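Here the structure is laid out as structure tokens; the discussion comes afterwards.
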Amino acid sequence: MNSMNPVLNTAALQQMDRDSYLHPFTDSKALHEKGTRVVTGAKGVYIFDSDGNRILDAMAGLWCVNIGYGHDELADVAAQQMKQLAYYNSFFGTANVPAIELAAKVKSLAPANIDYIFFTGSGSEANDTNLRMVRHYWALKGQPEKRTVISRENAYHGSTLAGMSLGGMEAMHKQGGVIDGIAHIMQPHWYKESQPGESEVDFGLRAAKALEDKILELGADKVGAFIGEPIQGAGGVIVPPASYWPEIQRICKKYDLLLILDEVITGFGRTGNWFAAQTYNIEADMIPFAKGLSSGYLPIGGVAISKRVAEVMIDGGEFAHGYTYSGHPVSAAVAKANIEIMQREGLIDQVREETGPYLQAKLSELSSHPLVGQVRGTGMLGALELVKDKATREPFDKDIEVAGKVRDSAIVNGLMVRAVGDCLIMSPPLCITKAEIDELIGLLTEAMDRVQTEVL
Ligand code: PXG
């Protein structure tokens with residue numbers, strides 16, 4: 001036992017939790033019966049719980065701890081900045097040193113057409129900013145009616161009202177309803193949504209054509225932007241066919257739509273480049289980011305804005321929008337130091353050249369497992385789609401919750417993965433080594449083997 005995993009009174013903590021703590025994205029009644037897992041420490045790719053268990057965190061927290069846990073350097077940077085200047089705002093003509101330096105740093109790493117950086121506290125706030133900015137941009141251009149944003153079914157863009165409405169999660173829409181001026185088209189999920197015999201390339205073109213059809217239905221003069229994650233994360237690590245993004249880009253240009261590329265998960269290295277826009281050669285007008293910017297050590301997000309949009313915004317007078325913590329000096333200082341660690345350790349090159357291809361190769365080997373219908377992924381993102389019948393792609397009965405069973409079994413054995421529908425998804429810290437990937441794959445395979453005997 002060490003200081004990372006002190007054994008605490010789990011039952012007492014669970015009772016306090018039950019009595020006072022309403023959790024996000026949680027079925028509270030079920031949690032109260034089961035009891036919360038209390039995470040108490042972490043180092044590298046491992047988290048520790050209050051019972052002293054060590055768990056390999058293949059989700060990097062919630063897709064965010066890119067450099068891994070336990071970098072004391074970031075604690076020192078935060079302490080130093082807090083002593084120097086714990087807070088000051090960036091409204092009304094002021095700024096702070098870390099926010100200025102971070103804006104310059106992010107701009108230098110972003111695609112060449114990016115000119116300005118707006119800071120927020122989270123990815124959801126970044127997408128609220130996007131919705132307001134799209135509408136403000138077109139109003140400044142004299143086309144205020146060009147205000148609808150087109151998104152996709154099963155997209156995730158956050159949990160605030162705008163983020164949730166932009167997203168395509170039906171269960172979220174049902175709770176409280178959505179705001180107006182947002183439309184949704186099909187997602188580019190070849191395995192789930194292609195016709196029998198339809199190639200990935202053809203399906204990608206068809207999924208992109210849904211955007212053109214929707215623009216024509218609504219009228220191009222009414223549609224201001226398209227928003228999409230380069231790879232859908234929370235939806236199940238859905239990697240679109242190679243034909244999809246070039247066609248989406250072409251359609252956005254043709255009908256003069258702004259392209260919002262939601263890189264809250266993919267930004268800061270996950271696909272082997274600073275941004276997935278670089279991996280997939282997509283030219284975006286706005287790139288929301290968060291998570292990996294600070295590796296989750298402190299909350300911070302933002303929007304990278306293209307020259308085209310920035311010029312209009314800057315000439316347009318005051319943009320009456322911002323958050324108390326936009327450009328928070330402590331978060332900004334930590335984010336800048338986090339980026340410097342990624343650079344110093346060569347983490348992104350490592351993901352692109354070495355560990356990313358290794359993870360993908362190891363995951364591909366699992367396609368021969370009886371439970372696995374499809375393997376998807378790129379860089380440090382991966383998914384296994386579990387099916388009852390590999391030949392027909394027939395899914396398991398929903399009540400079986402097959403991926404949930406594998407996840408639960410994996411956690412008990414020391415591996416944290418997520419289940420989304422019948423999909424197992426992962427997004428390990430970018431610092432994961434080949435040996436740790438072997439451990440991950442071993443634990444995952446064991447969990448699938450155990451569940452296979454139960455469900456097949
Ligand atoms: N966009 C994308 C693409 C995201 O993945 C957000 C925006 C919102 O960011 P904030 O920082 O406001 O949470 C996200 C966040 C899940 C899950 O179930 C994923 C996220 C958040 C909560 C749950 O995988 N991603």
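Simple scheme: letters A, B, ... for chains in structure tokens order, numbers from 1 for residues in each chain, numbers from 1 for ligands in the order shown.
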
Taking only residues of chain A that have an atom at most 9 Å from an atom of ligand 1, what is each one's shortest atom pair and its distance in Å to one decimal, using only C-alpha atoms and all ligand atoms, in chain and number order, as CSV?
residue,atom,partner,partner_atom_place_in_ligand_line,distance
A:Pro24,CA,ligand 1,22 (C),8.5
A:Phe25,CA,ligand 1,23 (C),7.4
A:Met59,CA,ligand 1,24 (O),9.0
A:Leu62,CA,ligand 1,19 (C),6.4
A:Trp63,CA,ligand 1,25 (N),7.3
A:Cys64,CA,ligand 1,25 (N),8.9
A:Gly121,CA,ligand 1,11 (O),7.5
A:Ser122,CA,ligand 1,11 (O),3.9
A:Gly123,CA,ligand 1,9 (O),3.2
A:Ser124,CA,ligand 1,12 (O),3.5
A:Glu125,CA,ligand 1,12 (O),6.2
A:Ala126,CA,ligand 1,7 (C),7.6
A:Asn127,CA,ligand 1,7 (C),6.9
A:Ala155,CA,ligand 1,3 (C),7.6
A:Tyr156,CA,ligand 1,2 (C),5.3
A:His157,CA,ligand 1,1 (N),3.7
A:Gly158,CA,ligand 1,8 (C),3.6
A:Ser159,CA,ligand 1,12 (O),6.3
A:Thr160,CA,ligand 1,12 (O),7.4
A:Gly163,CA,ligand 1,7 (C),7.0
A:Met164,CA,ligand 1,8 (C),8.9
A:Gly167,CA,ligand 1,1 (N),8.4
A:Gly228,CA,ligand 1,3 (C),8.1
A:Glu229,CA,ligand 1,3 (C),5.6
A:Pro230,CA,ligand 1,3 (C),8.7
A:Ile231,CA,ligand 1,3 (C),8.4
A:Gln232,CA,ligand 1,3 (C),6.8
A:Gly233,CA,ligand 1,5 (O),5.7
A:Ala234,CA,ligand 1,24 (O),3.8
A:Gly235,CA,ligand 1,24 (O),7.4
A:Gly236,CA,ligand 1,24 (O),8.1
A:Leu261,CA,ligand 1,3 (C),8.9
A:Asp262,CA,ligand 1,3 (C),5.3
A:Glu263,CA,ligand 1,3 (C),6.0
A:Val264,CA,ligand 1,2 (C),4.7
A:Ile265,CA,ligand 1,5 (O),5.2
A:Thr266,CA,ligand 1,3 (C),7.8
A:Pro288,CA,ligand 1,1 (N),7.4
A:Phe289,CA,ligand 1,1 (N),7.6
A:Ala290,CA,ligand 1,11 (O),6.0
A:Lys291,CA,ligand 1,11 (O),6.3
A:Pro299,CA,ligand 1,11 (O),7.7
A:Ile300,CA,ligand 1,11 (O),7.9
A:Gly301,CA,ligand 1,11 (O),7.1
A:Arg418,CA,ligand 1,24 (O),7.8
A:Val420,CA,ligand 1,18 (O),7.8
A:Ile425,CA,ligand 1,24 (O),8.8

Write a file of the just-selected residues containing C-alpha atoms, as an mmCIF file, in the first residue's frame.
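Full text of part_25.cif as output:
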data_model
loop_
_atom_site.group_PDB
_atom_site.id
_atom_site.type_symbol
_atom_site.label_atom_id
_atom_site.label_comp_id
_atom_site.auth_asym_id
_atom_site.auth_seq_id
_atom_site.Cartn_x
_atom_site.Cartn_y
_atom_site.Cartn_z
ATOM 1 C CA PRO A 24 -23.883 13.486 -13.639
ATOM 2 C CA PHE A 25 -25.036 10.965 -16.298
ATOM 3 C CA MET A 59 -10.552 5.876 -20.841
ATOM 4 C CA LEU A 62 -13.247 10.867 -19.582
ATOM 5 C CA TRP A 63 -11.169 11.060 -22.801
ATOM 6 C CA CYS A 64 -9.004 13.767 -21.276
ATOM 7 C CA GLY A 121 -14.321 26.558 -19.138
ATOM 8 C CA SER A 122 -15.400 23.383 -20.956
ATOM 9 C CA GLY A 123 -16.313 21.751 -24.246
ATOM 10 C CA SER A 124 -20.014 22.405 -23.718
ATOM 11 C CA GLU A 125 -19.342 26.095 -23.229
ATOM 12 C CA ALA A 126 -17.221 26.037 -26.375
ATOM 13 C CA ASN A 127 -20.203 24.757 -28.351
ATOM 14 C CA ALA A 155 -23.390 13.175 -32.074
ATOM 15 C CA TYR A 156 -22.168 14.483 -28.717
ATOM 16 C CA HIS A 157 -21.494 18.198 -28.369
ATOM 17 C CA GLY A 158 -22.004 18.741 -24.647
ATOM 18 C CA SER A 159 -24.617 18.867 -21.956
ATOM 19 C CA THR A 160 -25.588 22.541 -21.686
ATOM 20 C CA GLY A 163 -24.464 21.629 -26.523
ATOM 21 C CA MET A 164 -27.211 19.065 -25.928
ATOM 22 C CA GLY A 167 -25.781 16.882 -30.108
ATOM 23 C CA GLY A 228 -19.428 17.283 -36.516
ATOM 24 C CA GLU A 229 -16.878 15.378 -34.483
ATOM 25 C CA PRO A 230 -14.096 14.115 -36.791
ATOM 26 C CA ILE A 231 -14.653 10.764 -35.062
ATOM 27 C CA GLN A 232 -17.793 10.473 -32.920
ATOM 28 C CA GLY A 233 -16.582 9.756 -29.400
ATOM 29 C CA ALA A 234 -19.422 9.312 -26.922
ATOM 30 C CA GLY A 235 -21.529 7.886 -29.780
ATOM 31 C CA GLY A 236 -19.186 4.873 -29.914
ATOM 32 C CA LEU A 261 -15.173 20.541 -36.255
ATOM 33 C CA ASP A 262 -15.721 19.418 -32.673
ATOM 34 C CA GLU A 263 -12.281 18.346 -31.468
ATOM 35 C CA VAL A 264 -13.078 18.224 -27.753
ATOM 36 C CA ILE A 265 -11.954 14.578 -27.776
ATOM 37 C CA THR A 266 -9.689 14.472 -30.826
ATOM 38 C CA PRO A 288 -14.022 23.638 -30.211
ATOM 39 C CA PHE A 289 -11.525 21.932 -27.883
ATOM 40 C CA ALA A 290 -11.182 21.150 -24.136
ATOM 41 C CA LYS A 291 -10.168 17.895 -22.381
ATOM 42 C CA PRO A 299 -11.039 22.714 -16.421
ATOM 43 C CA ILE A 300 -10.442 24.749 -19.573
ATOM 44 C CA GLY A 301 -11.680 24.703 -23.157
ATOM 45 C CA ARG A 418 -16.686 2.203 -21.305
ATOM 46 C CA VAL A 420 -21.940 2.479 -25.242
ATOM 47 C CA ILE A 425 -14.856 1.963 -26.277
#

Rows by chain and residue number, range 358-380 of chain A within 12 Å of range 443-446 of chain A, shortest pair, only C-alpha atoms, as CSV:
residue,atom,partner,partner_atom,distance
A:Lys362,CA,A:Thr445,CA,10.8
A:Leu363,CA,A:Thr445,CA,10.0
A:Glu365,CA,A:Thr445,CA,10.5
A:Leu366,CA,A:Thr445,CA,7.8
A:Ser367,CA,A:Thr445,CA,11.0
A:Ser368,CA,A:Thr445,CA,11.2
A:His369,CA,A:Thr445,CA,8.4
A:Pro370,CA,A:Thr445,CA,10.9
A:Leu371,CA,A:Thr445,CA,10.3
A:Val372,CA,A:Thr445,CA,10.7

Item to check | Among listed residues A:Thr355, A:Ser295, A:Ser90, A:Gln452, nearest Gly272 in chain A (using only C-alpha atoms) | outcome: A:Thr355

Next on the checklist: Please identify the alpha helix (DSSP H) residues within range 33-250 of chain A (assignment by DSSP from backbone atoms) and present them as a ChimeraX atom specification.
Outcome noted: /A:33-34,60-63,72-84,97-109,123-140,161-166,170-174,190-193,200-218,244-250

Next on the checklist: Under the rule that only C-alpha atoms are counted, which of A:Glu345, A:Met416, A:Asp180, A:Tyr137 is the nearest residue to Arg54 in chain A?
Outcome noted: A:Met416

Item to check | Residue list (strand (DSSP E or B), DSSP) for range 229-357 of chain A, as number ranges by chain | outcome: A: 232, 238, 258-261, 286-289, 301-306

Next on the checklist: Give me, as a PyMOL selection string, all polymer residues having an atom no more than 12 Å from Pro196 in chain A, counting only C-alpha atoms and skipping those fewer than 5 positions away in the same chain.
Outcome noted: chain A and resi 190-191+202-203+391-393

Could you write those residues out with N, CA, C and O atoms, as a short mmCIF file (atom, residue, chain, number, x, y, z; two decimals), in the first residue's frame?
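Here's the written file out26.cif:
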data_model
loop_
_atom_site.label_atom_id
_atom_site.label_comp_id
_atom_site.auth_asym_id
_atom_site.auth_seq_id
_atom_site.Cartn_x
_atom_site.Cartn_y
_atom_site.Cartn_z
N TRP A 190 -20.92 3.16 -40.86
CA TRP A 190 -21.04 2.15 -41.92
C TRP A 190 -21.54 0.81 -41.39
O TRP A 190 -22.45 0.22 -41.97
N TYR A 191 -20.98 0.34 -40.27
CA TYR A 191 -21.31 -1.01 -39.80
C TYR A 191 -22.79 -1.11 -39.43
O TYR A 191 -23.44 -2.13 -39.69
N ASP A 202 -18.88 4.16 -50.77
CA ASP A 202 -20.22 4.56 -51.24
C ASP A 202 -21.09 5.03 -50.08
O ASP A 202 -21.81 6.01 -50.18
N PHE A 203 -20.97 4.31 -48.96
CA PHE A 203 -21.77 4.70 -47.80
C PHE A 203 -21.35 6.09 -47.30
O PHE A 203 -22.20 6.92 -46.96
N ALA A 391 -21.86 -12.97 -38.94
CA ALA A 391 -22.16 -13.01 -40.38
C ALA A 391 -23.29 -12.05 -40.73
O ALA A 391 -23.21 -11.31 -41.71
N THR A 392 -24.33 -12.02 -39.91
CA THR A 392 -25.50 -11.20 -40.25
C THR A 392 -25.50 -9.85 -39.52
O THR A 392 -26.36 -9.02 -39.74
N ARG A 393 -24.54 -9.65 -38.64
CA ARG A 393 -24.46 -8.45 -37.79
C ARG A 393 -25.66 -8.33 -36.84
O ARG A 393 -25.99 -7.24 -36.38
#

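In terms of minimum interatomic distance to Gly442 in chain A, A:Leu56 ranks closest within A:Val134, A:Leu56, A:Ile117, A:Ala104, counting only C-alpha atoms.
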
Item to check | Among the residues A:Gly41, A:Gly316, A:Gly52, A:Gly292, the one that comes closest to Leu140 in chain A [using only C-alpha atoms] | outcome: A:Gly316

Item to check | Minimum-distance residue to Val149 in chain A, chosen among A:Ile260, A:Ile67, A:Val178, A:Ile348 (using only C-alpha atoms) | outcome: A:Ile260

Checklist entry - Which residue gives the smallest distance to Ser326 in chain A among A:Ile100, A:Leu218, A:Ala361, A:Leu347, with only C-alpha atoms counted? => result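 Smallest distance to Ser326 in chain A is found for A:Ile100.
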
Checklist entry - So how far away is CA of Ile339 in chain A from CA of Gln80 in chain A, in Å? => result 17.5 Å

Checklist entry - By how many Å are CA of Leu381 in chain A and CA of Gly44 in chain A apart? => result 17.7 Å

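The two atoms in question, CA of Thr40 in chain A and CA of Cys431 in chain A, are spaced 20.7 Å apart.
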
Item to check | Long-range neighbours of Tyr244 in chain A as a PyMOL selection string, 7 Å cut-off, only C-alpha atoms, 3 positions minimum in chain | outcome: chain A and resi 204-205+208+240-241+247-248

Next on the checklist: Which residues are close to Pro144 in chain A, i.e. within 10 Å by only C-alpha atoms, leaving aside same-chain residues fewer than 2 positions away? Reply as a PyMOL selection string.
Outcome noted: chain A and resi 134-142+146-147+221-222+224

Dump as a tab-separated table (two decimals), in the first residue's frame, selection limited to C-alpha atoms:
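Written out: selection11.tsv:
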chain	number	residue	atom	x	y	z
A	134	VAL	CA	-22.30	31.31	-36.08
A	135	ARG	CA	-25.48	33.36	-35.71
A	136	HIS	CA	-23.60	36.55	-34.87
A	137	TYR	CA	-21.24	36.03	-37.83
A	138	TRP	CA	-24.08	35.71	-40.35
A	139	ALA	CA	-25.95	38.63	-38.78
A	140	LEU	CA	-22.82	40.76	-39.21
A	141	LYS	CA	-22.64	39.61	-42.83
A	142	GLY	CA	-26.21	40.85	-43.34
A	146	LYS	CA	-28.73	31.97	-42.07
A	147	ARG	CA	-28.92	30.67	-38.49
A	221	ASP	CA	-29.95	30.89	-47.13
A	222	LYS	CA	-31.27	29.51	-43.82
A	224	GLY	CA	-25.32	28.82	-41.23

Next on the checklist: I want to know what sits within 12 Å of Gly346 in chain A, based on only C-alpha atoms, with residues of the same chain fewer than 3 positions away left out; could you give that as a PyMOL selection string?
Outcome noted: chain A and resi 67+269+272-274+339-343+349-355+430-431

Next on the checklist: At a cut-off of 8 Å, using only C-alpha atoms, what residues contact Glu283 in chain A? Leave out same-chain residues fewer than 4 positions from it and give the result as a ChimeraX atom specification.
Outcome noted: /A:111,113,249,259,277
